[in-house]
$ cat coords32.cif   # mmCIF, C-alpha atoms
data_structure
#
loop_
_atom_site.label_atom_id
_atom_site.label_comp_id
_atom_site.auth_asym_id
_atom_site.auth_seq_id
_atom_site.Cartn_x
_atom_site.Cartn_y
_atom_site.Cartn_z
CA MET V 1 40.23 -25.58 10.58
CA PRO V 2 42.49 -23.47 12.89
CA LEU V 3 41.37 -19.93 13.62
CA THR V 4 44.55 -18.51 12.03
CA ASP V 5 43.74 -20.29 8.76
CA LEU V 6 40.21 -18.93 8.91
CA ARG V 7 41.53 -15.39 9.31
CA ASN V 8 43.92 -15.88 6.37
CA ILE V 9 41.07 -17.07 4.14
CA TYR V 10 39.03 -13.96 4.83
CA LYS V 11 42.01 -11.65 4.58
CA ARG V 12 42.49 -12.89 1.02
CA LYS V 13 38.81 -12.08 0.38
CA ARG V 14 39.31 -8.67 2.00
CA ILE V 15 36.67 -9.31 4.64
CA ASN V 16 37.22 -7.61 8.01
CA LEU V 17 37.19 -10.09 10.91
CA TYR V 18 37.79 -7.58 13.67
CA PHE V 19 34.79 -9.10 15.44
CA LEU V 20 37.00 -12.16 16.17
CA HIS V 21 38.42 -10.06 19.01
CA PRO V 22 35.32 -9.40 21.16
CA PRO V 23 35.53 -7.36 24.36
CA ARG V 24 37.26 -8.89 27.37
CA GLY V 25 34.86 -10.97 29.41
CA TYR V 26 32.64 -11.64 26.37
CA THR V 27 29.87 -14.14 27.06
CA LYS V 28 28.69 -16.34 24.19
CA LYS V 29 25.33 -15.00 23.01
CA ARG V 30 22.29 -17.13 22.24
CA VAL V 31 20.42 -16.28 19.03
CA LEU V 32 17.05 -17.59 17.84
CA PHE V 33 15.99 -17.12 14.21
CA ILE V 34 12.20 -17.16 13.84
CA VAL V 35 11.68 -17.91 10.18
CA ASN V 36 8.82 -17.43 7.79
CA PRO V 37 8.91 -20.81 5.94
CA ILE V 38 9.40 -19.13 2.57
CA SER V 39 12.83 -17.95 3.76
CA GLY V 40 13.73 -20.96 5.89
CA GLU V 41 15.84 -23.04 3.52
CA LYS V 42 18.25 -20.23 2.66
CA ILE V 43 18.75 -19.29 6.33
CA ALA V 44 19.25 -22.90 7.38
CA ARG V 45 21.95 -23.41 4.72
CA TRP V 46 23.74 -20.26 5.88
CA ILE V 47 23.68 -21.17 9.57
CA ASN V 48 24.88 -24.71 8.83
CA SER V 49 27.65 -23.61 6.48
CA HIS V 50 31.16 -24.84 7.36
CA VAL V 51 32.67 -21.44 8.08
CA LEU V 52 29.75 -20.28 10.20
CA LYS V 53 29.90 -23.49 12.25
CA ILE V 54 33.45 -22.54 13.27
CA LEU V 55 32.40 -19.03 14.25
CA ARG V 56 29.33 -20.32 16.10
CA SER V 57 31.42 -22.70 18.18
CA ARG V 58 33.37 -19.73 19.53
CA TYR V 59 30.98 -16.79 19.66
CA LEU V 60 27.29 -17.60 19.16
CA THR V 61 24.65 -20.22 19.81
CA MET V 62 22.31 -20.04 16.80
CA ASP V 63 19.05 -21.95 16.41
CA ILE V 64 16.15 -21.86 13.94
CA VAL V 65 12.41 -22.27 14.44
CA LYS V 66 9.99 -22.00 11.51
CA THR V 67 6.53 -20.55 11.94
CA GLU V 68 3.67 -22.88 11.01
CA TYR V 69 0.71 -20.48 10.94
CA ALA V 70 -0.23 -16.82 11.36
CA GLY V 71 0.29 -15.79 14.98
CA HIS V 72 2.80 -18.57 15.67
CA ALA V 73 5.82 -16.26 16.02
CA PRO V 74 4.66 -14.67 19.32
CA GLU V 75 4.11 -18.15 20.77
CA ILE V 76 7.64 -19.14 19.79
CA VAL V 77 9.13 -16.05 21.41
CA LYS V 78 7.11 -16.51 24.59
CA ALA V 79 8.17 -20.16 24.94
CA ASN V 80 11.85 -19.28 24.44
CA LEU V 81 12.09 -15.86 26.09
CA ASN V 82 14.45 -17.02 28.84
CA ASN V 83 16.57 -19.21 26.56
CA TYR V 84 17.98 -16.61 24.14
CA ASP V 85 19.52 -13.13 24.15
CA ILE V 86 18.74 -12.13 20.54
CA PHE V 87 15.57 -12.85 18.57
CA VAL V 88 15.81 -12.44 14.79
CA ALA V 89 12.64 -12.17 12.69
CA VAL V 90 13.23 -13.66 9.24
CA GLY V 91 10.53 -12.39 6.90
CA GLY V 92 8.68 -9.18 6.11
CA ASP V 93 7.20 -6.42 8.23
CA GLY V 94 4.37 -8.66 9.45
CA THR V 95 6.78 -11.29 10.80
CA ALA V 96 8.90 -8.54 12.37
CA ASN V 97 5.83 -7.10 14.09
CA GLU V 98 4.83 -10.48 15.55
CA VAL V 99 8.32 -11.19 16.92
CA ALA V 100 8.80 -7.68 18.31
CA GLY V 101 5.52 -7.73 20.20
CA MET V 102 6.66 -10.27 22.78
CA LEU V 103 9.98 -8.43 23.32
CA ILE V 104 8.50 -5.04 24.20
CA GLY V 105 9.52 -4.01 27.70
CA THR V 106 12.17 -6.74 28.04
CA ASP V 107 15.99 -6.55 27.87
CA LYS V 108 16.11 -8.99 24.93
CA ILE V 109 17.48 -7.74 21.60
CA PHE V 110 15.21 -7.62 18.55
CA SER V 111 16.65 -7.92 15.04
CA ILE V 112 15.41 -8.61 11.50
CA LEU V 113 16.67 -10.52 8.47
CA PRO V 114 14.48 -8.92 5.78
CA SER V 115 12.89 -11.11 3.12
CA GLY V 116 9.43 -9.58 2.61
CA SER V 117 7.87 -7.33 -0.02
CA GLY V 118 8.64 -3.99 1.65
CA ASN V 119 10.99 -4.51 4.63
CA GLY V 120 10.40 -0.96 5.81
CA CYS V 121 11.43 -1.43 9.44
CA ALA V 122 14.56 -3.42 8.55
CA ARG V 123 15.65 -0.72 6.10
CA GLU V 124 15.11 2.04 8.67
CA LEU V 125 17.00 0.23 11.42
CA GLY V 126 19.85 -0.59 9.02
CA PHE V 127 19.96 -4.34 9.67
CA PRO V 128 22.47 -6.08 7.38
CA PRO V 129 21.52 -9.07 5.18
CA ILE V 130 22.86 -12.59 5.64
CA GLY V 131 26.66 -12.57 5.99
CA LEU V 132 29.54 -11.77 8.28
CA GLY V 133 28.19 -8.26 8.87
CA LEU V 134 25.22 -9.78 10.66
CA VAL V 135 27.44 -12.10 12.72
CA ARG V 136 29.69 -9.19 13.62
CA LEU V 137 26.67 -7.14 14.73
CA MET V 138 25.38 -9.94 16.96
CA VAL V 139 28.77 -10.57 18.54
CA LYS V 140 29.65 -7.02 19.55
CA GLY V 141 27.09 -4.56 18.23
CA ASP V 142 25.90 -1.67 20.40
CA THR V 143 22.21 -1.51 21.28
CA LYS V 144 19.64 1.24 21.81
CA LYS V 145 15.90 1.54 22.51
CA MET V 146 13.26 2.33 19.89
CA ASP V 147 9.71 3.61 20.35
CA VAL V 148 6.60 1.53 19.75
CA LEU V 149 3.21 2.80 18.58
CA TYR V 150 -0.11 1.41 19.77
CA LEU V 151 -3.49 1.41 18.04
CA ASN V 152 -5.63 0.61 21.07
CA ASP V 153 -3.92 -2.59 22.29
CA HIS V 154 -2.21 -3.43 18.98
CA HIS V 155 1.48 -2.55 18.73
CA SER V 156 3.19 -1.10 15.65
CA ILE V 157 6.93 -0.74 15.13
CA ASN V 158 6.97 0.81 11.66
CA VAL V 159 4.06 2.58 9.89
CA SER V 160 0.33 2.05 10.37
CA GLY V 161 -2.67 3.89 9.04
CA ILE V 162 -6.18 4.14 7.66
CA GLY V 163 -7.57 4.79 4.19
CA TYR V 164 -6.08 3.80 0.84
CA ASP V 165 -3.06 1.95 2.26
CA ALA V 166 -5.33 -0.09 4.55
CA THR V 167 -7.35 -1.09 1.48
CA ILE V 168 -4.16 -2.14 -0.28
CA ALA V 169 -3.09 -4.21 2.75
CA LYS V 170 -6.49 -5.95 2.86
CA ARG V 171 -6.42 -6.87 -0.84
CA PHE V 172 -2.77 -7.93 -0.78
CA GLN V 173 -3.41 -10.28 2.15
CA LYS V 174 -6.06 -12.13 0.13
CA ARG V 175 -3.71 -12.90 -2.76
CA GLU V 176 -2.00 -16.27 -2.85
CA SER V 177 0.89 -14.84 -4.87
CA ARG V 178 3.05 -12.30 -3.06
CA GLY V 179 6.01 -10.26 -4.28
CA MET V 180 6.57 -6.72 -5.51
CA PHE V 181 4.88 -7.21 -8.89
CA ASN V 182 1.60 -8.31 -7.33
CA TYR V 183 1.81 -5.51 -4.78
CA LEU V 184 2.20 -2.88 -7.51
CA LEU V 185 -0.64 -4.46 -9.48
CA ILE V 186 -3.00 -4.11 -6.51
CA ILE V 187 -1.90 -0.49 -5.96
CA LEU V 188 -2.73 0.44 -9.57
CA ARG V 189 -6.03 -1.41 -9.72
CA SER V 190 -7.22 0.01 -6.40
CA PHE V 191 -6.19 3.58 -7.19
CA PHE V 192 -8.77 4.14 -9.93
CA CYS V 193 -11.74 2.92 -7.89
CA TYR V 194 -10.85 4.22 -4.43
CA HIS V 195 -12.88 7.10 -2.96
CA PRO V 196 -11.43 9.25 -0.13
CA LEU V 197 -13.41 9.26 3.11
CA ASP V 198 -14.27 11.77 5.82
CA TYR V 199 -12.45 11.49 9.16
CA HIS V 200 -12.90 13.12 12.53
CA PHE V 201 -10.24 12.83 15.25
CA TYR V 202 -8.38 14.64 18.01
CA MET V 203 -4.60 15.14 17.87
CA ASP V 204 -3.19 15.99 21.29
CA GLY V 205 -6.61 17.46 22.07
CA GLN V 206 -6.85 19.49 18.84
CA GLU V 207 -10.02 18.65 16.88
CA ILE V 208 -9.53 17.84 13.18
CA SER V 209 -12.17 17.04 10.55
CA THR V 210 -10.92 16.27 7.07
CA LYS V 211 -11.48 14.24 3.94
CA ALA V 212 -8.41 12.13 3.28
CA PHE V 213 -6.97 9.72 0.74
CA LEU V 214 -4.99 8.15 3.58
CA ILE V 215 -3.80 8.93 7.09
CA SER V 216 -0.53 7.40 8.32
CA PHE V 217 0.85 7.03 11.84
CA ALA V 218 4.61 6.72 11.44
CA ASN V 219 7.24 5.51 13.87
CA THR V 220 9.83 5.26 11.08
CA ARG V 221 10.10 7.12 7.79
CA GLN V 222 8.95 4.61 5.20
CA PHE V 223 6.36 2.03 4.19
CA GLY V 224 9.13 -0.05 2.61
CA ASN V 225 11.08 -0.16 -0.65
CA ASN V 226 12.32 3.36 0.16
CA ALA V 227 8.84 4.88 -0.12
CA TYR V 228 9.17 7.64 2.48
CA ILE V 229 5.74 8.59 3.79
CA ALA V 230 7.18 10.50 6.79
CA PRO V 231 10.71 11.72 5.96
CA ASP V 232 11.15 13.49 9.32
CA ALA V 233 10.10 10.56 11.52
CA LYS V 234 12.57 9.17 14.07
CA TYR V 235 11.98 5.88 15.84
CA ASP V 236 13.50 7.13 19.10
CA ASP V 237 12.10 10.67 19.52
CA GLY V 238 8.97 9.79 21.51
CA LEU V 239 6.67 11.30 18.83
CA ILE V 240 4.12 10.01 16.33
CA ASP V 241 4.47 11.46 12.83
CA LEU V 242 0.94 11.97 11.52
CA VAL V 243 0.69 12.30 7.73
CA ILE V 244 -2.55 13.23 6.00
CA ILE V 245 -2.79 12.94 2.21
CA LYS V 246 -5.88 14.83 1.11
CA PRO V 247 -7.79 14.09 -2.12
CA PHE V 248 -5.71 15.05 -5.14
CA PRO V 249 -6.24 15.12 -8.91
CA ARG V 250 -5.04 12.07 -10.79
CA LYS V 251 -2.59 14.19 -12.76
CA HIS V 252 -0.76 14.84 -9.45
CA SER V 253 -0.32 11.13 -8.63
CA LEU V 254 3.03 10.72 -10.42
CA LYS V 255 4.40 13.84 -8.76
CA LEU V 256 3.19 12.58 -5.37
CA GLY V 257 4.96 9.27 -6.01
CA PHE V 258 8.12 11.17 -6.91
CA TYR V 259 7.92 13.18 -3.67
CA MET V 260 7.53 9.97 -1.68
CA MET V 261 10.54 8.28 -3.27
CA THR V 262 12.73 11.37 -2.82
CA LYS V 263 11.81 12.17 0.81
CA LYS V 264 9.97 15.37 -0.18
CA MET V 265 6.38 14.63 0.85
CA LYS V 266 6.03 18.09 2.40
CA SER V 267 6.48 19.61 -1.05
CA SER V 268 3.02 18.41 -2.09
CA PRO V 269 0.15 20.88 -1.44
CA TYR V 270 -2.06 17.86 -0.69
CA VAL V 271 0.06 16.60 2.20
CA THR V 272 -0.16 17.83 5.80
CA THR V 273 2.15 16.53 8.54
CA TYR V 274 2.13 16.81 12.32
CA GLN V 275 4.11 15.44 15.25
CA CYS V 276 2.16 14.45 18.33
CA LYS V 277 1.83 12.01 21.22
CA GLU V 278 -1.79 10.91 20.89
CA ILE V 279 -4.49 10.63 18.21
CA VAL V 280 -8.07 9.65 19.00
CA PHE V 281 -10.59 8.67 16.30
CA ASP V 282 -13.88 9.07 18.15
CA GLU V 283 -16.08 7.62 15.40
CA PRO V 284 -18.25 4.83 16.88
CA TYR V 285 -18.14 2.46 13.90
CA THR V 286 -15.76 -0.09 12.41
CA ARG V 287 -13.10 0.79 9.83
CA TRP V 288 -10.23 -1.03 8.18
CA TYR V 289 -6.77 -0.01 9.43
CA HIS V 290 -3.39 -1.55 8.73
CA ILE V 291 -0.68 -2.21 11.29
CA ASP V 292 2.80 -2.49 9.77
CA GLY V 293 1.18 -3.54 6.50
CA ASP V 294 -1.24 -6.12 7.93
CA PRO V 295 -4.97 -5.24 7.70
CA ILE V 296 -7.14 -5.16 10.80
CA LYS V 297 -10.72 -4.12 11.57
CA LEU V 298 -11.02 -1.78 14.56
CA ARG V 299 -14.18 -0.39 16.05
CA GLY V 300 -13.99 3.18 17.32
CA PRO V 301 -13.00 4.93 19.35
CA VAL V 302 -9.45 4.12 18.25
CA LYS V 303 -6.59 5.67 20.20
CA VAL V 304 -3.09 5.91 18.70
CA THR V 305 -0.38 6.35 21.34
CA ILE V 306 3.38 5.96 21.65
CA ALA V 307 5.51 4.06 24.16
CA PRO V 308 8.98 5.68 24.16
CA GLU V 309 12.08 3.45 24.24
CA ALA V 310 10.06 0.25 24.60
CA LEU V 311 12.05 -2.14 22.39
CA ARG V 312 15.78 -2.95 22.44
CA VAL V 313 17.46 -3.11 19.02
CA PHE V 314 20.95 -2.95 17.58
CA ASP V 315 22.31 0.55 17.05
CA THR V 316 23.66 -0.10 13.57
CA LYS V 317 24.97 3.46 13.13
CA ARG V 318 27.27 3.13 16.14
CA SER V 319 28.19 -0.50 15.49
CA ILE V 320 30.86 0.21 12.88
CA PHE V 321 34.04 -1.86 13.11
CA HIS V 322 37.29 -1.07 11.37
#
$ encode --input "coords32.cif" --output "structure tokens"
Amino acid sequence: MPLTDLRNIYKRKRINLYFLHPPRGYTKKRVLFIVNPISGEKIARWINSHVLKILRSRYLTMDIVKTEYAGHAPEIVKANLNNYDIFVAVGGDGTANEVAGMLIGTDKIFSILPSGSGNGCARELGFPPIGLGLVRLMVKGDTKKMDVLYLNDHHSINVSGIGYDATIAKRFQKRESRGMFNYLLIILRSFFCYHPLDYHFYMDGQEISTKAFLISFANTRQFGNNAYIAPDAKYDDGLIDLVIIKPFPRKHSLKLGFYMMTKKMKSSPYVTTYQCKEIVFDEPYTRWYHIDGDPIKLRGPVKVTIAPEALRVFDTKRSIFH
């Protein structure tokens, strides 16, 4: 099919193909999709579609590798680091975290095709779903650097924490059935039997002792599904947003949920927020944490730090084509 005919087809569908005129001297980019198997079939059909084959032949080299087990994604990235320019995580926040980890400190571009239960990081970075918007972004999108959090040696690109949300992450991981319904079911069941704990830590040297329902370390604003735990967080400001939800009466739970969904967490008298560069939990025993929604046991002391501008991503706000 000639390129002019292709343009005419999409003009009739009112789809902007301005990306078919990339900058002078454009070099064909190499893209690797690292796919959680649950999402693989849909992505493979899209990449092998007739129209996309035409666009790929001119502008992109696109390949797919499916993960076979937990922890496989970093191995895939490491083996292909010199073969591709863009690495796209296809899955949820856990898959995104695994792919991003091997790209920290490199000049490779990290992207996400969200297909998980929360997709918090993908929502915050504004990555488009499958379609010509994604192709357009990969062909000529601007890039920027985002910060990365660390819990000891474990990296986090979205939101991590300790307390109630870590308990939810642990119980959700054990379930064979995933999806939003099962996630909400675990949240409700856990809420009525969860008991807040006492915590002792230092924030930029300031000593804090508190009982908390949960404590979040946020690089972006939300857990996922537009649940904004840290509405003021920015993934490129070099700061950790620390959010402490203190014990609250059950009658306040609906109001707290409303505040979270409307970006008004600070309105709750049970919520305290800080911005800092380092948090140190000096307790010498093991607790459950979660890192971007995946549970992990860490033995104290646990140090939460931030690495500014450590990961290259698409700047979706600037990459607007008319």
$ residues_around --input "coords32.cif" --residues "V:Gly224" --least-positions-apart "5" --cutoff "10 Å" --atoms "all atoms listed in the file" --output "MDAnalysis selection string"
chainID V and resid 92:93 116:124 158:159 229 292:293
$ write_last_selection --input "coords32.cif" --atoms "C-alpha atoms" --output "PDB file, in the coordinates of the input"
ATOM      1  CA  GLY V  92       8.680  -9.180   6.110  1.00  0.00           C
ATOM      2  CA  ASP V  93       7.200  -6.420   8.230  1.00  0.00           C
ATOM      3  CA  GLY V 116       9.430  -9.580   2.610  1.00  0.00           C
ATOM      4  CA  SER V 117       7.870  -7.330  -0.020  1.00  0.00           C
ATOM      5  CA  GLY V 118       8.640  -3.990   1.650  1.00  0.00           C
ATOM      6  CA  ASN V 119      10.990  -4.510   4.630  1.00  0.00           C
ATOM      7  CA  GLY V 120      10.400  -0.960   5.810  1.00  0.00           C
ATOM      8  CA  CYS V 121      11.430  -1.430   9.440  1.00  0.00           C
ATOM      9  CA  ALA V 122      14.560  -3.420   8.550  1.00  0.00           C
ATOM     10  CA  ARG V 123      15.650  -0.720   6.100  1.00  0.00           C
ATOM     11  CA  GLU V 124      15.110   2.040   8.670  1.00  0.00           C
ATOM     12  CA  ASN V 158       6.970   0.810  11.660  1.00  0.00           C
ATOM     13  CA  VAL V 159       4.060   2.580   9.890  1.00  0.00           C
ATOM     14  CA  ILE V 229       5.740   8.590   3.790  1.00  0.00           C
ATOM     15  CA  ASP V 292       2.800  -2.490   9.770  1.00  0.00           C
ATOM     16  CA  GLY V 293       1.180  -3.540   6.500  1.00  0.00           C
TER      17      GLY V 293
END
$ residues_around --input "coords32.cif" --residues "stretch 38-53 of chain V" --least-positions-apart "2" --cutoff "7 Å" --atoms "only C-alpha atoms" --output "ChimeraX atom specification"
/V:35-36,55-57,66,90-91,115
$ closest_residue --input "coords32.cif" --among "V:Pro129, V:Gly71, V:Pro114, V:Gly141" --to "V:Glu98" --atoms "only C-alpha atoms"
V:Gly71
$ closest_residue --input "coords32.cif" --among "V:Ala227, V:Val304, V:Ala100, V:Val88" --to "V:Val135" --atoms "all atoms listed in the file"
V:Val88
$ atom_distance --input "coords32.cif" --atom1 "atom CA of V:Gln206" --atom2 "atom CA of V:Ile306"
17.2 Å
$ resolve_selection --input "coords32.cif" --expression "the PyMOL selection byres ((chain V and resi 307-315) around 6)" --output "number ranges by chain"
V: 104-105, 109-110, 142-148, 238, 306, 316-318
$ resolve_selection --input "coords32.cif" --expression "the PyMOL selection byres ((chain V and resi 248) around 10)" --output "MDAnalysis selection string"
chainID V and resid 196 212:213 245:247 249:253 256 268:271
$ closest_residue --input "coords32.cif" --among "V:Phe223, V:Leu149, V:Pro301, V:Pro284" --to "V:Ile240" --atoms "only C-alpha atoms"
V:Leu149
$ residues_around --input "coords32.cif" --residues "V:Lys28" --least-positions-apart "5" --cutoff "8 Å" --atoms "only C-alpha atoms" --output "list in words"
Arg58, Tyr59, Leu60 and Thr61 of chain V
$ resolve_selection --input "coords32.cif" --expression "the PyMOL selection byres ((chain V and resi 166) around 8)" --output "VMD selection string"
chain V and resid 161 to 165 167 to 170 288 to 290 293 295
$ atom_distance --input "coords32.cif" --atom1 "atom CA of V:Tyr285" --atom2 "atom CA of V:Tyr199"
11.7 Å
$ closest_residue --input "coords32.cif" --among "V:Leu242, V:Leu214, V:Met261, V:Ile296" --to "V:Gln275" --atoms "all atoms listed in the file"
V:Leu242
$ decode --input "coords32.cif" --residues "stretch 208-256 of chain V" --atoms "C-alpha atoms" --output "PDB file, in the first residue's frame"
ATOM      1  CA  ILE V 208       9.738  10.913  64.453  1.00  0.00           C
ATOM      2  CA  SER V 209       7.841   8.367  66.565  1.00  0.00           C
ATOM      3  CA  THR V 210       4.248   7.692  65.596  1.00  0.00           C
ATOM      4  CA  LYS V 211       1.518   5.096  65.387  1.00  0.00           C
ATOM      5  CA  ALA V 212       0.380   4.802  61.787  1.00  0.00           C
ATOM      6  CA  PHE V 213      -2.197   3.048  59.643  1.00  0.00           C
ATOM      7  CA  LEU V 214       0.260   3.317  56.755  1.00  0.00           C
ATOM      8  CA  ILE V 215       3.337   5.272  55.704  1.00  0.00           C
ATOM      9  CA  SER V 216       3.943   5.927  52.000  1.00  0.00           C
ATOM     10  CA  PHE V 217       7.085   7.016  50.164  1.00  0.00           C
ATOM     11  CA  ALA V 218       5.891   8.623  46.945  1.00  0.00           C
ATOM     12  CA  ASN V 219       7.765   9.453  43.769  1.00  0.00           C
ATOM     13  CA  THR V 220       4.504  10.048  41.888  1.00  0.00           C
ATOM     14  CA  ARG V 221       1.088  11.096  43.140  1.00  0.00           C
ATOM     15  CA  GLN V 222      -0.954   7.899  43.073  1.00  0.00           C
ATOM     16  CA  PHE V 223      -1.127   4.218  43.945  1.00  0.00           C
ATOM     17  CA  GLY V 224      -3.090   3.608  40.743  1.00  0.00           C
ATOM     18  CA  ASN V 225      -6.681   3.890  39.521  1.00  0.00           C
ATOM     19  CA  ASN V 226      -6.479   7.626  40.309  1.00  0.00           C
ATOM     20  CA  ALA V 227      -6.117   7.036  44.059  1.00  0.00           C
ATOM     21  CA  TYR V 228      -3.911  10.012  44.933  1.00  0.00           C
ATOM     22  CA  ILE V 229      -1.959   9.282  48.103  1.00  0.00           C
ATOM     23  CA  ALA V 230       0.467  12.203  47.534  1.00  0.00           C
ATOM     24  CA  PRO V 231      -1.234  14.888  45.396  1.00  0.00           C
ATOM     25  CA  ASP V 232       1.774  17.241  45.529  1.00  0.00           C
ATOM     26  CA  ALA V 233       4.399  14.688  44.493  1.00  0.00           C
ATOM     27  CA  LYS V 234       6.453  15.302  41.341  1.00  0.00           C
ATOM     28  CA  TYR V 235       8.592  12.607  39.783  1.00  0.00           C
ATOM     29  CA  ASP V 236      11.314  15.063  38.760  1.00  0.00           C
ATOM     30  CA  ASP V 237      11.715  17.371  41.792  1.00  0.00           C
ATOM     31  CA  GLY V 238      14.423  15.403  43.621  1.00  0.00           C
ATOM     32  CA  LEU V 239      12.201  14.953  46.711  1.00  0.00           C
ATOM     33  CA  ILE V 240      10.453  12.067  48.465  1.00  0.00           C
ATOM     34  CA  ASP V 241       6.849  12.780  49.452  1.00  0.00           C
ATOM     35  CA  LEU V 242       6.316  11.117  52.828  1.00  0.00           C
ATOM     36  CA  VAL V 243       2.662  10.526  53.743  1.00  0.00           C
ATOM     37  CA  ILE V 244       1.623   9.280  57.171  1.00  0.00           C
ATOM     38  CA  ILE V 245      -1.977   8.176  57.740  1.00  0.00           C
ATOM     39  CA  LYS V 246      -2.531   7.938  61.479  1.00  0.00           C
ATOM     40  CA  PRO V 247      -5.175   5.709  63.101  1.00  0.00           C
ATOM     41  CA  PHE V 248      -8.656   6.999  62.325  1.00  0.00           C
ATOM     42  CA  PRO V 249     -12.204   6.046  63.331  1.00  0.00           C
ATOM     43  CA  ARG V 250     -14.026   3.762  60.932  1.00  0.00           C
ATOM     44  CA  LYS V 251     -16.668   6.410  60.343  1.00  0.00           C
ATOM     45  CA  HIS V 252     -13.919   8.545  58.729  1.00  0.00           C
ATOM     46  CA  SER V 253     -12.900   5.845  56.219  1.00  0.00           C
ATOM     47  CA  LEU V 254     -15.340   6.888  53.481  1.00  0.00           C
ATOM     48  CA  LYS V 255     -14.308  10.511  53.821  1.00  0.00           C
ATOM     49  CA  LEU V 256     -10.638   9.500  53.657  1.00  0.00           C
TER      50      LEU V 256
END
